[in-house]
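Trainee: Coordinates in structure.txt, compact mmCIF, C-alpha atoms, are listed below.
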```txt
# COMPACT_ATOMS: atom_id res chain seq x y z
CA MET A 1 -86.56 -16.28 88.69
CA ALA A 2 -83.67 -16.96 86.28
CA ARG A 3 -85.63 -19.81 84.68
CA ILE A 4 -88.64 -17.54 84.27
CA LEU A 5 -86.52 -14.84 82.63
CA VAL A 6 -84.96 -17.39 80.26
CA LYS A 7 -88.41 -18.68 79.37
CA ILE A 8 -89.66 -15.14 78.76
CA ALA A 9 -86.61 -14.42 76.60
CA ILE A 10 -87.22 -17.56 74.54
CA LEU A 11 -90.90 -16.74 74.08
CA THR A 12 -90.03 -13.16 73.15
CA GLY A 13 -87.53 -14.41 70.59
CA LEU A 14 -90.06 -16.82 69.11
CA SER A 15 -92.64 -14.05 68.91
CA ALA A 16 -90.15 -11.83 67.09
CA LEU A 17 -89.36 -14.61 64.61
CA ALA A 18 -93.07 -15.21 64.04
CA ALA A 19 -93.65 -11.51 63.46
CA THR A 20 -90.77 -11.38 60.98
CA ALA A 21 -92.10 -14.42 59.11
CA ALA A 22 -95.57 -12.90 58.96
CA ALA A 23 -94.12 -9.68 57.55
CA GLN A 24 -92.30 -11.68 54.86
CA ARG A 25 -95.30 -13.84 53.96
CA PRO A 26 -96.66 -12.91 50.51
CA ALA A 27 -100.19 -11.54 50.33
CA ASN A 28 -102.92 -14.17 50.07
CA TYR A 29 -100.64 -16.96 51.35
CA PRO A 30 -101.98 -19.00 54.30
CA ARG A 31 -100.79 -18.18 57.82
CA SER A 32 -99.21 -21.63 57.97
CA TYR A 33 -96.61 -20.31 55.52
CA ASP A 34 -95.02 -18.43 58.42
CA GLN A 35 -93.71 -21.74 59.74
CA LEU A 36 -92.22 -22.58 56.33
CA ILE A 37 -90.42 -19.23 56.29
CA SER A 38 -89.07 -19.82 59.80
CA ASP A 39 -87.88 -23.30 58.84
CA ALA A 40 -86.18 -21.92 55.72
CA ARG A 41 -84.41 -19.24 57.74
CA ALA A 42 -83.13 -21.95 60.06
CA GLU A 43 -81.81 -23.91 57.05
CA ARG A 44 -79.99 -20.75 55.92
CA GLN A 45 -79.42 -21.84 52.31
CA VAL A 46 -80.84 -23.50 49.21
CA ARG A 47 -78.83 -25.45 46.63
CA ILE A 48 -80.08 -25.29 43.04
CA TYR A 49 -79.00 -27.18 39.94
CA GLY A 50 -80.18 -25.38 36.80
CA ASN A 51 -79.28 -24.80 33.16
CA ALA A 52 -80.54 -21.25 32.81
CA ASP A 53 -77.59 -18.91 32.37
CA ARG A 54 -76.39 -17.53 35.68
CA ALA A 55 -76.83 -13.97 34.38
CA GLU A 56 -80.52 -14.67 33.78
CA LEU A 57 -80.99 -15.58 37.43
CA LEU A 58 -79.05 -12.78 39.15
CA PRO A 59 -82.03 -10.36 39.41
CA VAL A 60 -84.28 -13.17 40.66
CA VAL A 61 -81.78 -14.27 43.30
CA ALA A 62 -81.24 -10.66 44.41
CA ALA A 63 -84.98 -10.09 44.81
CA PHE A 64 -85.41 -13.40 46.66
CA ARG A 65 -82.63 -12.54 49.11
CA LYS A 66 -84.14 -9.10 49.67
CA ARG A 67 -87.46 -10.69 50.60
CA TYR A 68 -85.86 -13.46 52.66
CA PRO A 69 -82.54 -12.13 54.01
CA GLY A 70 -80.25 -14.67 55.58
CA ILE A 71 -81.01 -17.43 53.05
CA THR A 72 -78.05 -18.00 50.72
CA VAL A 73 -78.75 -19.20 47.18
CA LEU A 74 -76.12 -21.58 45.79
CA TYR A 75 -76.77 -21.90 42.05
CA ALA A 76 -74.84 -24.35 39.85
CA ASP A 77 -75.21 -23.75 36.10
CA ILE A 78 -74.96 -27.26 34.61
CA GLY A 79 -75.85 -28.79 31.23
CA SER A 80 -79.04 -30.85 31.31
CA THR A 81 -77.45 -34.26 30.70
CA GLU A 82 -74.64 -33.67 33.18
CA MET A 83 -77.17 -32.36 35.68
CA TYR A 84 -79.23 -35.53 35.41
CA ARG A 85 -76.23 -37.82 35.88
CA ARG A 86 -74.72 -35.78 38.71
CA PHE A 87 -77.97 -35.48 40.66
CA VAL A 88 -78.77 -39.20 40.35
CA THR A 89 -75.22 -40.24 41.28
CA GLU A 90 -75.08 -37.95 44.31
CA THR A 91 -78.54 -38.91 45.53
CA ARG A 92 -77.90 -42.65 45.28
CA ALA A 93 -74.55 -42.23 47.05
CA LYS A 94 -76.29 -40.28 49.86
CA LYS A 95 -74.10 -37.26 49.13
CA MET A 96 -75.09 -33.61 49.38
CA SER A 97 -76.88 -32.62 46.19
CA ALA A 98 -79.43 -30.12 44.91
CA ASP A 99 -82.49 -29.14 46.91
CA LEU A 100 -84.17 -27.80 43.76
CA VAL A 101 -83.55 -29.22 40.28
CA TRP A 102 -84.57 -26.93 37.41
CA SER A 103 -83.92 -27.92 33.81
CA SER A 104 -85.11 -27.38 30.23
CA ALA A 105 -84.71 -31.12 29.55
CA MET A 106 -88.38 -31.76 30.16
CA ASP A 107 -88.28 -35.51 29.53
CA LEU A 108 -85.34 -36.08 31.88
CA GLN A 109 -87.06 -34.04 34.58
CA VAL A 110 -90.24 -36.09 34.24
CA LYS A 111 -88.19 -39.28 34.41
CA LEU A 112 -86.56 -38.17 37.66
CA ILE A 113 -89.98 -37.39 39.11
CA ASN A 114 -91.40 -40.68 37.86
CA ASP A 115 -88.43 -42.58 39.34
CA GLY A 116 -89.08 -41.18 42.81
CA PHE A 117 -86.43 -38.46 43.07
CA ALA A 118 -88.92 -35.66 43.82
CA GLN A 119 -91.20 -34.78 46.72
CA GLY A 120 -94.70 -33.41 46.47
CA TYR A 121 -95.51 -29.83 47.29
CA ALA A 122 -98.81 -27.95 46.97
CA SER A 123 -97.45 -24.53 46.05
CA PRO A 124 -99.72 -21.58 46.92
CA GLU A 125 -98.98 -20.34 43.39
CA LYS A 126 -100.44 -23.43 41.69
CA PRO A 127 -103.91 -21.90 41.06
CA ALA A 128 -102.27 -19.18 38.95
CA LEU A 129 -100.49 -21.67 36.68
CA PRO A 130 -101.80 -23.26 33.47
CA PRO A 131 -102.90 -26.88 34.11
CA VAL A 132 -100.44 -28.15 31.46
CA SER A 133 -97.51 -26.82 33.51
CA VAL A 134 -97.98 -28.87 36.70
CA TRP A 135 -97.69 -32.63 37.19
CA LYS A 136 -98.52 -34.51 40.40
CA ASN A 137 -97.71 -31.46 42.58
CA MET A 138 -94.08 -32.37 41.90
CA GLY A 139 -93.08 -31.03 38.49
CA PHE A 140 -93.67 -27.31 37.91
CA GLY A 141 -93.15 -25.68 34.52
CA VAL A 142 -91.67 -22.29 35.37
CA THR A 143 -91.29 -20.80 31.89
CA ALA A 144 -93.04 -20.91 28.50
CA GLU A 145 -90.23 -20.51 25.98
CA PRO A 146 -90.91 -20.67 22.23
CA ILE A 147 -88.58 -22.51 19.87
CA GLY A 148 -87.78 -20.50 16.76
CA ILE A 149 -85.41 -19.76 13.92
CA VAL A 150 -82.48 -17.35 14.01
CA TYR A 151 -81.12 -15.75 10.86
CA ASN A 152 -78.30 -13.47 9.78
CA LYS A 153 -79.90 -10.22 8.62
CA ARG A 154 -77.24 -9.60 5.96
CA LEU A 155 -77.52 -13.07 4.45
CA VAL A 156 -81.30 -13.43 4.77
CA PRO A 157 -83.13 -10.17 4.00
CA PRO A 158 -86.34 -9.65 6.01
CA ALA A 159 -88.53 -10.21 2.95
CA GLN A 160 -87.03 -13.69 2.49
CA VAL A 161 -87.40 -14.90 6.06
CA PRO A 162 -89.68 -18.00 6.03
CA ARG A 163 -92.78 -17.60 8.19
CA THR A 164 -94.06 -21.19 8.20
CA HIS A 165 -92.46 -24.63 8.22
CA ALA A 166 -93.66 -25.21 4.65
CA ALA A 167 -92.13 -21.90 3.54
CA LEU A 168 -88.88 -22.81 5.30
CA GLU A 169 -88.71 -26.12 3.44
CA THR A 170 -89.41 -24.43 0.09
CA TRP A 171 -86.74 -21.79 0.76
CA LEU A 172 -84.17 -24.42 1.75
CA ARG A 173 -84.80 -26.50 -1.38
CA LYS A 174 -84.71 -23.48 -3.67
CA ASN A 175 -81.39 -22.29 -2.21
CA ALA A 176 -79.83 -25.65 -1.31
CA ARG A 177 -76.57 -25.06 -3.16
CA ALA A 178 -76.02 -21.56 -1.78
CA LEU A 179 -76.92 -22.77 1.72
CA THR A 180 -74.51 -25.71 1.79
CA GLY A 181 -72.85 -25.60 5.20
CA ARG A 182 -74.81 -22.46 6.06
CA VAL A 183 -77.68 -24.06 8.03
CA THR A 184 -77.36 -25.15 11.65
CA THR A 185 -79.53 -26.97 14.16
CA PHE A 186 -79.26 -29.18 17.24
CA ASP A 187 -77.72 -32.62 16.86
CA PRO A 188 -80.36 -34.96 18.33
CA ALA A 189 -77.70 -37.62 18.88
CA ARG A 190 -75.76 -35.34 21.26
CA SER A 191 -78.43 -32.93 22.50
CA ASN A 192 -81.32 -34.12 24.62
CA VAL A 193 -83.36 -30.96 23.99
CA GLY A 194 -82.60 -31.18 20.27
CA TYR A 195 -84.03 -34.68 20.22
CA LEU A 196 -87.06 -33.49 22.18
CA TYR A 197 -87.81 -30.65 19.77
CA LEU A 198 -87.53 -32.81 16.64
CA SER A 199 -89.70 -35.47 18.28
CA GLU A 200 -92.34 -32.84 18.96
CA ASP A 201 -92.08 -31.63 15.35
CA LEU A 202 -92.72 -35.16 14.11
CA ALA A 203 -95.63 -35.60 16.52
CA ILE A 204 -97.27 -32.39 15.29
CA THR A 205 -97.02 -33.09 11.55
CA ARG A 206 -95.75 -35.83 9.24
CA ASP A 207 -94.43 -33.08 6.96
CA THR A 208 -91.50 -32.75 9.37
CA ARG A 209 -89.64 -35.57 7.61
CA SER A 210 -89.73 -33.66 4.33
CA LEU A 211 -88.41 -30.56 6.12
CA LEU A 212 -85.59 -32.59 7.68
CA GLU A 213 -84.67 -33.90 4.23
CA ALA A 214 -84.46 -30.30 2.99
CA ILE A 215 -82.22 -29.40 5.94
CA ALA A 216 -80.05 -32.46 5.31
CA ALA A 217 -79.55 -31.44 1.68
CA THR A 218 -77.69 -28.33 2.91
CA ARG A 219 -75.20 -30.49 4.85
CA PRO A 220 -76.08 -28.71 8.11
CA VAL A 221 -73.72 -27.83 10.94
CA LEU A 222 -74.94 -29.80 13.97
CA SER A 223 -74.55 -28.47 17.50
CA ARG A 224 -74.90 -29.77 21.04
CA THR A 225 -75.91 -26.39 22.53
CA SER A 226 -77.49 -23.09 21.50
CA GLU A 227 -74.41 -20.88 21.85
CA PRO A 228 -72.44 -22.18 18.82
CA MET A 229 -75.54 -21.80 16.66
CA LEU A 230 -76.15 -18.22 17.75
CA ARG A 231 -72.50 -17.33 17.35
CA GLY A 232 -72.26 -18.98 13.91
CA VAL A 233 -75.29 -17.09 12.60
CA ALA A 234 -74.13 -13.78 14.09
CA GLU A 235 -70.70 -14.12 12.50
CA GLY A 236 -72.16 -15.10 9.13
CA ARG A 237 -70.69 -18.58 8.98
CA GLN A 238 -74.29 -19.84 8.97
CA ALA A 239 -77.26 -18.06 7.47
CA ILE A 240 -80.02 -19.64 9.53
CA ALA A 241 -80.52 -21.84 12.60
CA TYR A 242 -83.54 -24.08 13.13
CA ASN A 243 -85.15 -24.99 16.48
CA VAL A 244 -83.23 -22.54 18.62
CA ILE A 245 -84.37 -21.84 22.20
CA GLY A 246 -86.21 -18.54 21.80
CA SER A 247 -85.28 -17.06 25.18
CA TYR A 248 -81.57 -17.25 24.39
CA ALA A 249 -82.09 -15.97 20.86
CA VAL A 250 -84.21 -12.97 21.83
CA GLU A 251 -81.78 -11.97 24.58
CA ARG A 252 -78.85 -12.22 22.15
CA ALA A 253 -80.70 -10.21 19.48
CA ARG A 254 -81.20 -7.35 21.94
CA THR A 255 -77.51 -6.58 21.88
CA ASP A 256 -76.46 -8.06 18.53
CA PRO A 257 -78.03 -6.29 15.51
CA ARG A 258 -76.63 -8.92 13.14
CA ILE A 259 -79.27 -11.52 13.99
CA GLY A 260 -83.01 -11.73 13.74
CA VAL A 261 -85.44 -14.10 15.45
CA ALA A 262 -88.70 -15.47 14.04
CA PHE A 263 -91.33 -17.84 15.40
CA LEU A 264 -93.01 -19.82 12.64
CA GLN A 265 -96.66 -18.93 12.37
CA ASP A 266 -98.21 -22.29 11.49
CA TYR A 267 -97.03 -23.60 14.85
CA THR A 268 -94.32 -22.86 17.38
CA ILE A 269 -93.27 -25.39 19.99
CA VAL A 270 -93.32 -23.88 23.49
CA THR A 271 -91.09 -25.60 26.01
CA SER A 272 -90.78 -25.14 29.76
CA ARG A 273 -88.02 -25.40 32.34
CA ILE A 274 -89.36 -27.86 34.88
CA ALA A 275 -88.47 -27.51 38.54
CA PHE A 276 -88.93 -30.02 41.34
CA ILE A 277 -87.89 -30.30 44.97
CA ALA A 278 -85.56 -33.21 45.63
CA ARG A 279 -86.95 -36.03 47.74
CA GLU A 280 -83.77 -36.03 49.84
CA ALA A 281 -83.37 -32.24 49.91
CA ALA A 282 -81.20 -31.08 52.81
CA HIS A 283 -82.97 -27.71 52.76
CA PRO A 284 -86.57 -28.51 51.73
CA ALA A 285 -88.20 -25.44 53.26
CA ALA A 286 -85.81 -23.05 51.52
CA ALA A 287 -86.34 -24.96 48.26
CA LYS A 288 -90.11 -24.51 48.57
CA LEU A 289 -89.63 -20.83 49.29
CA PHE A 290 -87.47 -20.36 46.18
CA LEU A 291 -89.83 -22.38 43.97
CA ASP A 292 -92.78 -20.28 45.13
CA PHE A 293 -90.82 -17.13 44.38
CA LEU A 294 -90.03 -18.36 40.85
CA LEU A 295 -93.73 -19.00 40.30
CA SER A 296 -94.93 -15.75 41.90
CA ARG A 297 -95.86 -12.69 39.88
CA GLU A 298 -92.72 -10.93 41.07
CA GLY A 299 -90.44 -13.81 40.15
CA GLN A 300 -92.14 -14.36 36.80
CA SER A 301 -91.89 -10.66 35.96
CA LEU A 302 -88.16 -10.70 36.68
CA LEU A 303 -87.69 -13.76 34.47
CA ALA A 304 -89.63 -12.03 31.69
CA LYS A 305 -87.26 -9.08 31.75
CA ARG A 306 -84.42 -11.47 30.92
CA SER A 307 -86.35 -13.07 28.04
CA LEU A 308 -87.27 -16.19 30.02
CA TRP A 309 -90.91 -16.01 28.98
CA PRO A 310 -93.16 -16.58 32.02
CA VAL A 311 -95.59 -19.45 32.30
CA ARG A 312 -98.16 -17.28 34.08
CA THR A 313 -100.59 -15.45 31.85
CA ASP A 314 -101.28 -12.68 34.38
CA VAL A 315 -97.75 -11.28 33.99
CA SER A 316 -97.04 -8.58 31.43
CA ALA A 317 -94.77 -10.20 28.84
CA ARG A 318 -94.54 -11.09 25.19
CA ARG A 319 -96.38 -14.28 24.30
CA LEU A 320 -97.59 -16.04 21.18
CA PRO A 321 -101.23 -16.32 20.10
CA SER A 322 -102.86 -19.52 21.35
CA SER A 323 -103.48 -20.57 17.76
CA GLN A 324 -99.72 -20.53 17.14
CA ALA A 325 -98.32 -21.88 20.41
CA ARG A 326 -97.94 -25.63 20.89
CA PRO A 327 -96.91 -26.04 24.54
CA ILE A 328 -95.28 -29.29 25.57
CA ARG A 329 -97.35 -30.61 28.45
CA VAL A 330 -95.56 -31.41 31.71
CA GLY A 331 -96.44 -35.04 32.24
CA PRO A 332 -95.75 -38.75 31.75
CA GLN A 333 -96.15 -38.66 27.95
CA LEU A 334 -92.64 -37.17 27.85
CA LEU A 335 -91.28 -40.54 29.01
CA VAL A 336 -92.01 -41.92 25.55
CA ASN A 337 -89.07 -39.88 24.23
CA LEU A 338 -86.73 -41.78 26.55
CA ASP A 339 -87.75 -45.19 25.25
CA ARG A 340 -84.51 -46.74 24.02
CA VAL A 341 -86.04 -48.50 21.02
CA LYS A 342 -87.88 -45.35 19.91
CA ARG A 343 -84.74 -43.24 20.24
CA GLN A 344 -82.59 -45.73 18.34
CA ARG A 345 -85.16 -45.89 15.54
CA PHE A 346 -85.31 -42.10 15.35
CA LEU A 347 -81.53 -41.74 15.24
CA ARG A 348 -81.25 -44.39 12.54
CA ASP A 349 -83.77 -42.48 10.43
CA TRP A 350 -81.97 -39.19 11.17
CA THR A 351 -78.62 -40.66 10.12
CA ALA A 352 -80.17 -42.04 6.93
CA ILE A 353 -81.70 -38.64 6.12
CA LEU A 354 -78.34 -36.93 6.64
CA ALA A 355 -76.57 -39.49 4.46
CA THR A 356 -79.08 -39.04 1.67
CA GLY A 357 -78.77 -35.26 1.89
CA ALA A 358 -74.97 -35.45 1.70
CA GLN A 359 -75.24 -37.34 -1.59
CA GLN A 360 -77.41 -34.72 -3.27
```
Turn the structure described in the file into structure tokens.
Mentor:
Amino acid sequence: MARILVKIAILTGLSALAATAAAQRPANYPRSYDQLISDARAERQVRIYGNADRAELLPVVAAFRKRYPGITVLYADIGSTEMYRRFVTETRAKKMSADLVWSSAMDLQVKLINDGFAQGYASPEKPALPPVSVWKNMGFGVTAEPIGIVYNKRLVPPAQVPRTHAALETWLRKNARALTGRVTTFDPARSNVGYLYLSEDLAITRDTRSLLEAIAATRPVLSRTSEPMLRGVAEGRQAIAYNVIGSYAVERARTDPRIGVAFLQDYTIVTSRIAFIAREAAHPAAAKLFLDFLLSREGQSLLAKRSLWPVRTDVSARRLPSSQARPIRVGPQLLVNLDRVKRQRFLRDWTAILATGAQQ
């Protein structure tokens, strides 16, 4: 009798867990997802390496935990290059590392996937995503963030703000002396995303070299991250910043009336933060759950409220016209940017351009 009661208790407990999982399963997800939810609850946590500001993720994490109580989200805010090195080192040493890796360094993310550090996952949200944002059911572009210019409203009146790359070059050349030391952009030698953006500029138009020469003539202030650029423009030490991550700039402009943000109308690069589930993830079910939530309409809407522009087009959010947006496709072509010879050649040219500009 005791064995029967124990068996009944176990079955009752399993039925309760199944009922809870079914209640948590998003609408239109397959019934098999209930097992994934149960597995994730048993794992109890998910470890994430990302380079989105922690404040941007707080509402998303809160909503995720409300939907799936009992699953702790451990989020480490790490720079993209450090993230890459740390994740590779930990994985190769068989140490505990991230379950989900989520970074704006698109080329490094694709390299990790290509090198076998990711596992495949057919997310139920995949049909709602643009084809350019998914690669091999491993790399998922979560955001669609435009790259723009930021300017100091006192130093650059609205009527003078360049609206195209050609207009920006003309404005820089016309005001080169007054703008000496007052222009800032990423340093492609120290910033992986800065190198990526300039590479995309050059791939889109050969006129980019002429624009870079105009920037170099101002003896620009070069930065490794977005924050010094935004701060320098806000404080008036720089008048304008080129190729700034739009999500950070728009969020800053909401609370800082000193800066303005513009997306050049001839074309605007649109980048994405790519997420993948680690091949050796200690909590793979919870990682899948969190990835699906990021890609869901609810998760995307929460990201949009924090200026992380959503990749989904069925979410209410600001987005650029298709004629203006130039999204970087999630895929193997990004590996070209990591070719050592190509990078060395680019940096030699960049150094030569800077040297020539300094002599003018």
Trainee: Return as CSV the residues of segment 18-82 of chain A lying at most 10 Å from segment 269-276 of chain A, together with the closest atom-to-atom pair for each and the distance in Å to one decimal, counting all atoms listed in the file, with rows in chain order and ascending residue number.
Mentor:
```
residue,atom,partner,partner_atom,distance
A:Ile48,CA,A:Ala275,CA,9.8
A:Tyr49,CA,A:Ala275,CA,9.6
A:Gly50,CA,A:Ala275,CA,8.7
A:Asn51,CA,A:Arg273,CA,8.8
A:Ala52,CA,A:Arg273,CA,8.6
```
Trainee: Select, counting only C-alpha atoms, all protein, DNA and RNA residues no farther than 10 Å from (-94.8, -23.1, 17.5) in file coordinates, and express the selection as a PyMOL selection string.
Mentor: chain A and resi 145-148+164-165+201+204+243+263-271+320-327
Trainee: Hey, can you check how far atom CA of Asp107 of chain A sits from atom CA of Tyr242 of chain A?
Mentor: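 Atom CA of Tyr242 of chain A lies 20.5 Å from atom CA of Asp107 of chain A.
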Trainee: Rank nothing, just name the residue among A:Gly331, A:Gly232, A:Pro69, A:Pro30 nearest to Ala286 of chain A, using all atoms listed in the file.
Mentor: A:Pro69
Trainee: Could you name the residues that touch segment 119-123 of chain A at 7 Å or less, counting all atoms listed in the file, but leaving out those on the same chain fewer than 4 positions away, as a list of chain:residue names?
Mentor: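 The residues that qualify are A:Asn137, A:Met138, A:Ile277, A:Ala278, A:Arg279, A:Asp292.
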Trainee: Would you write out those residues with C-alpha atoms, as an mmCIF file, in the frame of the given file?
Mentor:
```cif
data_model
loop_
_atom_site.group_PDB
_atom_site.id
_atom_site.type_symbol
_atom_site.label_atom_id
_atom_site.label_comp_id
_atom_site.auth_asym_id
_atom_site.auth_seq_id
_atom_site.Cartn_x
_atom_site.Cartn_y
_atom_site.Cartn_z
ATOM 1 C CA ASN A 137 -97.710 -31.460 42.580
ATOM 2 C CA MET A 138 -94.080 -32.370 41.900
ATOM 3 C CA ILE A 277 -87.890 -30.300 44.970
ATOM 4 C CA ALA A 278 -85.560 -33.210 45.630
ATOM 5 C CA ARG A 279 -86.950 -36.030 47.740
ATOM 6 C CA ASP A 292 -92.780 -20.280 45.130
#
```
Trainee: Please provide the set of residues having any atom within 7 Å of segment 301-315 of chain A, restricted to all atoms listed in the file, with same-chain residues fewer than 6 positions apart removed, written as a ChimeraX atom specification.
Mentor: /A:56,59-60,128-129,142-145,247,250-251
Trainee: Of the residues A:Arg319, A:Lys153, A:Arg219, A:Arg41, which is the one nearest to Ala253 of chain A, using only C-alpha atoms?
Mentor: A:Lys153
Trainee: What is the distance between atom CA of Lys111 of chain A and atom CA of Arg348 of chain A, in Å to one decimal?
Mentor: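 Computing the Euclidean distance for atom CA of Lys111 of chain A and atom CA of Arg348 of chain A yields 23.5 Å.
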Trainee: When you count only C-alpha atoms, which of these residues is closest to Leu354 of chain A: A:Val101, A:Leu294, A:Val336, A:Ile215?
Mentor: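 Using only C-alpha atoms, Leu354 of chain A sits closest to A:Ile215.
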Trainee: From the options A:Asp99, A:Gln300, A:Leu230, A:Arg92, which residue's atoms come nearest to Leu74 of chain A, counting all atoms listed in the file?
Mentor: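 Among the listed residues, A:Asp99 lies closest to Leu74 of chain A.
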Trainee: For segment 180-189 of chain A, I'd like the enclosing box, axis-aligned and padded by 8 Å on every side, reported as AutoDock Vina command-line options with centre and edge lengths in Å to one decimal.
Mentor:
```
--center_x -76.6 --center_y -30.0 --center_z 10.3 --size_x 23.5 --size_y 31.2 --size_z 33.1
```
Trainee: From the options A:Tyr197, A:Leu172, A:Thr255, A:Thr205, which residue's atoms come nearest to Ala217 of chain A, counting only C-alpha atoms?
Mentor: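 Checking each candidate against Ala217 of chain A, we get A:Leu172 as the closest.
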Trainee: Pull the neighbourhood of (-82.6, -19.8, 0.3) for me: all residues within 10 Å in file coordinates, counting all atoms listed in the file, as a compact mmCIF listing (two decimals) with C-alpha atoms, in the coordinates of the input.
Mentor:
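File produced: point_18.txt:
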```txt
# COMPACT_ATOMS: atom_id res chain seq x y z
CA LEU A 155 -77.52 -13.07 4.45
CA VAL A 156 -81.30 -13.43 4.77
CA GLN A 160 -87.03 -13.69 2.49
CA VAL A 161 -87.40 -14.90 6.06
CA PRO A 162 -89.68 -18.00 6.03
CA LEU A 168 -88.88 -22.81 5.30
CA GLU A 169 -88.71 -26.12 3.44
CA THR A 170 -89.41 -24.43 0.09
CA TRP A 171 -86.74 -21.79 0.76
CA LEU A 172 -84.17 -24.42 1.75
CA ARG A 173 -84.80 -26.50 -1.38
CA LYS A 174 -84.71 -23.48 -3.67
CA ASN A 175 -81.39 -22.29 -2.21
CA ALA A 176 -79.83 -25.65 -1.31
CA ARG A 177 -76.57 -25.06 -3.16
CA ALA A 178 -76.02 -21.56 -1.78
CA LEU A 179 -76.92 -22.77 1.72
CA ALA A 239 -77.26 -18.06 7.47
CA ILE A 240 -80.02 -19.64 9.53
```
Trainee: Between atom CA of Val61 of chain A and atom CA of Pro124 of chain A, what is the spacing in Å?
Mentor: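 Separation between atom CA of Pro124 of chain A and atom CA of Val61 of chain A: 19.7 Å.
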Trainee: I'd like to know which of A:Arg343, A:Lys94, A:Arg25, A:Arg209 is closest to Ala166 of chain A, using all atoms listed in the file.
Mentor: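 Among A:Arg343, A:Lys94, A:Arg25, A:Arg209, it is A:Arg209 that comes nearest to Ala166 of chain A.
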Trainee: Neighbouring residues of Arg258 of chain A were defined as those with any atom within 9 Å, considering all atoms listed in the file; residues of the same chain fewer than 4 positions away were excluded. Please report them as a list in words.
Mentor: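 Everything that qualifies: Tyr151, Asn152, Lys153, Arg154, Val233, Ala234, Glu235, Gly236 and Ala253 of chain A.
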